[in-house]
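Here the structure comes first, spelled out in structure tokens, and everything after it is commentary.
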Amino acid sequence: MRDAKSTPSDDNQPDADANDEFELPSWPTLPDFAFESEINDGVQIDTLAPGTKVRVQTRNSEYWLTVLQGGRRGVLIQGGILPAVAEARLEGATDGGAALHSGWIEVNRSLELVCGPRRIITSRVRGISIEAPASPSSAHRAA
């Protein structure tokens, strides 16, 4: 029981700042997220010019891709289980389930391609290197 002379403790009183408005941090919008993902963790094949070369290092293999048609995700691919150059369609990045990030190559996800009648799913991507195609004027000077 409380003594009649004691005063209530300040521990139970709300802080003076408690009535201030609380503001949540801003979340990235979808375009911001896609841009961030492209810079840090992957690339969307549709944004690459035909002739761009992409080296994809996976946990178990290495693949070399040459973009044929960005909008259609057509590539030439060699490496891994494909000892010779073959034409393929890059389906996208996957975590192994039904979810697919269409047209993307992403670090820490598997790459899914269709090569003829075969569907190829790589081991997880560890690194991506991109080499832009040579401009016609620089190729002409080199000749």
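Every chain in the structure tokens has a letter given in the order shown (A, B, ...), and although residue numbers restart at 1 in each chain, ligands are simply numbered from 1 in the order shown.
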- Message: Using only C-alpha atoms, which protein or nucleic acid residues come within 8 Å of stretch 108-116 of chain A? Drop anything in the same chain fewer than 2 positions from it, and give the result as a list in words.
- Response: Ala86, Glu87, Ala88, Arg89, Leu90, Glu91, Gly92, Ala93, Thr94, Asp95, Gly96, Ile105, Glu106, Arg118, Arg119, Ile120, Ile121, Thr122, Ser123, Arg124, Val125 and Arg126 of chain A
*Who sits within 6 Å of stretch 74-80 of chain A, only C-alpha atoms, same chain under 3 positions skipped, as number ranges by chain*: A: 61-69, 83-89
For those residues, write N, CA and C atoms to a file as a short mmCIF file (atom, residue, chain, number, x, y, z; two decimals), in the first residue's frame.
```
data_model
loop_
_atom_site.label_atom_id
_atom_site.label_comp_id
_atom_site.auth_asym_id
_atom_site.auth_seq_id
_atom_site.Cartn_x
_atom_site.Cartn_y
_atom_site.Cartn_z
N SER A 61 29.47 -23.62 -62.49
CA SER A 61 29.92 -23.46 -63.88
C SER A 61 30.10 -21.99 -64.24
N GLU A 62 30.48 -21.81 -65.49
CA GLU A 62 30.59 -20.47 -66.06
C GLU A 62 29.94 -20.51 -67.43
N TYR A 63 29.16 -19.46 -67.74
CA TYR A 63 28.45 -19.38 -69.02
C TYR A 63 28.81 -18.08 -69.70
N TRP A 64 28.86 -18.11 -71.02
CA TRP A 64 29.08 -16.91 -71.82
C TRP A 64 27.86 -16.74 -72.70
N LEU A 65 27.23 -15.58 -72.61
CA LEU A 65 26.04 -15.28 -73.39
C LEU A 65 26.32 -14.09 -74.29
N THR A 66 25.76 -14.12 -75.48
CA THR A 66 25.78 -12.97 -76.39
C THR A 66 24.33 -12.65 -76.70
N VAL A 67 23.93 -11.40 -76.43
CA VAL A 67 22.55 -10.98 -76.64
C VAL A 67 22.26 -10.90 -78.14
N LEU A 68 21.21 -11.59 -78.57
CA LEU A 68 20.77 -11.52 -79.96
C LEU A 68 19.67 -10.49 -80.12
N GLN A 69 18.63 -10.64 -79.32
CA GLN A 69 17.48 -9.73 -79.37
C GLN A 69 17.04 -9.48 -77.94
N PRO A 83 28.75 -27.48 -74.25
CA PRO A 83 30.13 -27.30 -74.70
C PRO A 83 30.26 -26.49 -75.98
N ALA A 84 29.23 -26.49 -76.80
CA ALA A 84 29.24 -25.73 -78.06
C ALA A 84 28.24 -24.59 -77.96
N VAL A 85 28.44 -23.56 -78.76
CA VAL A 85 27.53 -22.42 -78.78
C VAL A 85 26.15 -22.87 -79.25
N ALA A 86 25.12 -22.45 -78.54
CA ALA A 86 23.75 -22.81 -78.90
C ALA A 86 22.86 -21.58 -78.74
N GLU A 87 21.79 -21.53 -79.52
CA GLU A 87 20.83 -20.44 -79.39
C GLU A 87 19.83 -20.82 -78.31
N ALA A 88 19.48 -19.83 -77.47
CA ALA A 88 18.55 -20.09 -76.37
C ALA A 88 17.68 -18.86 -76.11
N ARG A 89 16.64 -19.08 -75.35
CA ARG A 89 15.80 -17.98 -74.86
C ARG A 89 16.01 -17.90 -73.36
#
```
Considering only C-alpha atoms, can you say which of A:Leu82, A:Asp41, A:Asp46, A:Thr58 comes closest to A:Gly103?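 Checking each candidate against A:Gly103, we get A:Asp46 as the closest.
From atom CA of A:Ala98 back to atom CA of A:Ala49, the distance works out to 28.5 Å.
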Exercise. How far is it from atom CA of A:Trp104 to atom CA of A:Asn60, in Å with one decimal?
Worked result: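 Computing the Euclidean distance for atom CA of A:Trp104 and atom CA of A:Asn60 yields 19.4 Å.
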